[in-house]
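Contents: one structure, followed by commentary.
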Amino acid sequence: MLDNEQIKEKLIKFGIFFGIVLGMFIMLIALTFASRTSWQKQLAEELQSVLTEYSPGTYTVNKFMKTKSLISTSAAVYSVIKKGQSKNEIYYGVIVRIPTITGPSPAVFLYNERYGTVFAGYALDAAKAANIVNERNATAIIRYWEKLIPKIISQSTKS
C-alpha cells in the first residue's frame with residue numbers, strides 16, 4: 001500500500017507530465033493561429049499566379065473568405081476583382097486540393113453566379129508532373145469540383 005509521501009510524489013510527477021503535455025498543446029494551437037495569415041497570403045499569391053496565367057491582367061485576388069464547412073481544410077475562397085466588372089457582378093477564386101494521378105494537387109477555379117464555375121488551372125510549378133496532371137485529369141474530377149464549387153461559395157458567403 002502507498003503512504004502519503006509516495007502518493008504526493010506520484011501526484012507531483014503526474015502534474016509535471018500533464019503540465020508539459022498541456023503546454024505543448026497550447027503552443028501548437030498558438031503557432032497554428034499565428035501562421036494562419038501567412039498561409040492565407042501564400043494561397044492568395046498562388047491563386048493570383050494561376051489567374052494571371054489563365055487571363056493576363058484581368059483578375060485581381062482581393063480578400064480571403066472564411067469557409068464554414070469541413071472543406072475548409074482543403075480549400076480556400078477569395079473574392080476576386082475582374083477588370084471592367086459591373087457593380088452587381090461578384091467573382092470568387094477557389095484554390096482546392098483535388099486528387100490527381102500524381103497525388104493531391106492544388107486546382108484553381110473561378111466562380112461567378114451568372115457564368116458558373118470555370119477551371120483556371122493548377123497551382124503547380126512548371127514541372128514534369130504538370131503535363132500529366134493536365135492531360136489525364138481534365139474530365140470527370142474537374143467536372144465534379146466545378147459542380148461542388150457553388151456549394152463551397154454559398155457556405156463562405158453565409159453570414
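Each chain in the C-alpha cells gets a letter, A, B, ..., in the order shown, and its residues are numbered from 1; ligands are numbered from 1 in order too.
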
For the interface of range 28-73 of chain A with range 145-153 of chain A (cut-off 10 Å, counting only C-alpha atoms), please tabulate each contacting residue of range 28-73 of chain A alongside its nearest pair of atoms and their separation in Å to one decimal, rows sorted by chain and increasing number, as a Markdown table.
| residue | atom | partner | partner_atom | distance |
| --- | --- | --- | --- | --- |
| A:Met65 | CA | A:Ile153 | CA | 9.1 |
| A:Lys66 | CA | A:Ile153 | CA | 9.8 |
| A:Thr67 | CA | A:Ile152 | CA | 7.2 |
| A:Lys68 | CA | A:Ile152 | CA | 8.6 |
| A:Ser69 | CA | A:Ile152 | CA | 7.9 |
| A:Leu70 | CA | A:Ile152 | CA | 9.9 |
| A:Ile71 | CA | A:Ile152 | CA | 7.7 |
| A:Ser72 | CA | A:Ile152 | CA | 8.9 |

N, CA and C atoms of the current selection, written as an mmCIF file, in the first residue's frame:
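File produced: out.cif:
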data_model
loop_
_atom_site.group_PDB
_atom_site.id
_atom_site.type_symbol
_atom_site.label_atom_id
_atom_site.label_comp_id
_atom_site.auth_asym_id
_atom_site.auth_seq_id
_atom_site.Cartn_x
_atom_site.Cartn_y
_atom_site.Cartn_z
ATOM 1 N N MET A 65 -11.999 34.636 -47.693
ATOM 2 C CA MET A 65 -13.334 34.447 -47.119
ATOM 3 C C MET A 65 -13.330 33.157 -46.307
ATOM 4 N N LYS A 66 -13.820 33.239 -45.083
ATOM 5 C CA LYS A 66 -13.870 32.043 -44.238
ATOM 6 C C LYS A 66 -14.911 31.075 -44.775
ATOM 7 N N THR A 67 -14.552 29.803 -44.794
ATOM 8 C CA THR A 67 -15.460 28.759 -45.233
ATOM 9 C C THR A 67 -15.988 28.041 -44.002
ATOM 10 N N LYS A 68 -17.291 28.002 -43.882
ATOM 11 C CA LYS A 68 -17.915 27.382 -42.709
ATOM 12 C C LYS A 68 -18.319 25.950 -43.020
ATOM 13 N N SER A 69 -17.343 25.120 -43.368
ATOM 14 C CA SER A 69 -17.625 23.717 -43.653
ATOM 15 C C SER A 69 -16.359 22.899 -43.435
ATOM 16 N N LEU A 70 -16.508 21.604 -43.540
ATOM 17 C CA LEU A 70 -15.364 20.711 -43.380
ATOM 18 C C LEU A 70 -14.357 20.854 -44.509
ATOM 19 N N ILE A 71 -14.770 21.366 -45.643
ATOM 20 C CA ILE A 71 -13.887 21.514 -46.798
ATOM 21 C C ILE A 71 -12.811 22.580 -46.565
ATOM 22 N N SER A 72 -12.959 23.386 -45.526
ATOM 23 C CA SER A 72 -12.018 24.478 -45.277
ATOM 24 C C SER A 72 -10.594 23.994 -45.053
#

Based on DSSP run over this structure's backbone, return all residues of chain A in strand (DSSP E), as a count of residues only.
-> 38

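Shortest separation to Pro99 in chain A among A:Lys83, A:Lys63, A:Tyr144, A:Glu113 occurs at residue A:Tyr144, atoms counted being only C-alpha atoms.
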
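Listed by chain and then by rising number, the residues of range 56-111 of chain A that DSSP assigns to helix (DSSP H, G or I) from the backbone are A:Leu70, A:Ile71, A:Ser72, A:Thr73.
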
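The smallest atom-to-atom distance between Arg97 in chain A and any of A:Val61, A:Val80, A:Ile141, A:Leu110, using only C-alpha atoms, is found for A:Ile141.
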
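Separating CA of Tyr59 in chain A from CA of Thr73 in chain A is a distance of 24.7 Å.
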
Tyr111 in chain A environment, 8 Å, only C-alpha atoms, sequence neighbours closer than 4 positions dropped, as a short mmCIF file (atom, residue, chain, number, x, y, z; two decimals) with all heavy atoms, in the first residue's frame:
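Saved to selection.cif:
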data_model
loop_
_atom_site.label_atom_id
_atom_site.label_comp_id
_atom_site.auth_asym_id
_atom_site.auth_seq_id
_atom_site.Cartn_x
_atom_site.Cartn_y
_atom_site.Cartn_z
N TYR A 91 -17.14 37.98 -58.33
CA TYR A 91 -16.34 36.84 -58.73
C TYR A 91 -15.63 36.27 -57.51
O TYR A 91 -15.26 37.01 -56.59
CB TYR A 91 -15.30 37.24 -59.78
CG TYR A 91 -15.90 37.52 -61.13
CD1 TYR A 91 -16.41 38.78 -61.43
CD2 TYR A 91 -15.95 36.53 -62.10
CE1 TYR A 91 -16.97 39.04 -62.67
CE2 TYR A 91 -16.50 36.79 -63.34
CZ TYR A 91 -17.01 38.03 -63.62
OH TYR A 91 -17.56 38.28 -64.84
N TYR A 92 -15.41 34.96 -57.54
CA TYR A 92 -14.71 34.28 -56.47
C TYR A 92 -13.63 33.39 -57.07
O TYR A 92 -13.83 32.79 -58.13
CB TYR A 92 -15.66 33.40 -55.65
CG TYR A 92 -16.78 34.16 -54.99
CD1 TYR A 92 -18.03 34.23 -55.59
CD2 TYR A 92 -16.58 34.82 -53.79
CE1 TYR A 92 -19.06 34.93 -55.00
CE2 TYR A 92 -17.61 35.53 -53.19
CZ TYR A 92 -18.84 35.58 -53.80
OH TYR A 92 -19.86 36.28 -53.22
N GLY A 93 -12.53 33.30 -56.38
CA GLY A 93 -11.48 32.37 -56.76
C GLY A 93 -11.37 31.33 -55.66
O GLY A 93 -11.36 31.67 -54.48
N VAL A 94 -11.29 30.07 -56.05
CA VAL A 94 -11.19 28.99 -55.09
C VAL A 94 -9.96 28.16 -55.43
O VAL A 94 -9.77 27.77 -56.58
CB VAL A 94 -12.44 28.08 -55.12
CG1 VAL A 94 -12.33 26.96 -54.11
CG2 VAL A 94 -13.70 28.90 -54.88
N TYR A 115 -22.05 33.24 -64.71
CA TYR A 115 -21.32 32.42 -65.69
C TYR A 115 -20.99 31.02 -65.17
O TYR A 115 -20.56 30.17 -65.94
CB TYR A 115 -20.04 33.13 -66.12
CG TYR A 115 -20.30 34.47 -66.75
CD1 TYR A 115 -19.89 35.64 -66.11
CD2 TYR A 115 -20.96 34.57 -67.97
CE1 TYR A 115 -20.15 36.88 -66.68
CE2 TYR A 115 -21.21 35.80 -68.55
CZ TYR A 115 -20.80 36.95 -67.90
OH TYR A 115 -21.06 38.17 -68.47
N GLY A 116 -21.14 30.79 -63.89
CA GLY A 116 -20.84 29.48 -63.33
C GLY A 116 -19.38 29.33 -62.95
O GLY A 116 -18.66 30.31 -62.73
N THR A 117 -18.92 28.09 -62.92
CA THR A 117 -17.56 27.76 -62.48
C THR A 117 -16.69 27.42 -63.68
O THR A 117 -17.12 26.69 -64.58
CB THR A 117 -17.59 26.56 -61.52
OG1 THR A 117 -18.50 26.83 -60.47
CG2 THR A 117 -16.22 26.31 -60.94
N VAL A 118 -15.47 27.94 -63.66
CA VAL A 118 -14.51 27.66 -64.71
C VAL A 118 -13.22 27.18 -64.05
O VAL A 118 -12.76 27.76 -63.07
CB VAL A 118 -14.20 28.94 -65.53
CG1 VAL A 118 -13.14 28.67 -66.57
CG2 VAL A 118 -15.46 29.48 -66.17
N ILE A 149 -18.09 23.64 -56.36
CA ILE A 149 -17.63 25.00 -56.04
C ILE A 149 -18.78 25.93 -55.64
O ILE A 149 -18.66 26.64 -54.64
CB ILE A 149 -16.80 25.59 -57.20
CG1 ILE A 149 -15.50 24.80 -57.39
CG2 ILE A 149 -16.51 27.07 -57.00
CD1 ILE A 149 -14.55 24.80 -56.24
N PRO A 150 -19.94 25.96 -56.34
CA PRO A 150 -21.02 26.85 -55.89
C PRO A 150 -21.48 26.56 -54.46
O PRO A 150 -21.82 27.48 -53.72
CB PRO A 150 -22.14 26.58 -56.90
CG PRO A 150 -21.44 26.11 -58.12
CD PRO A 150 -20.26 25.33 -57.63
#
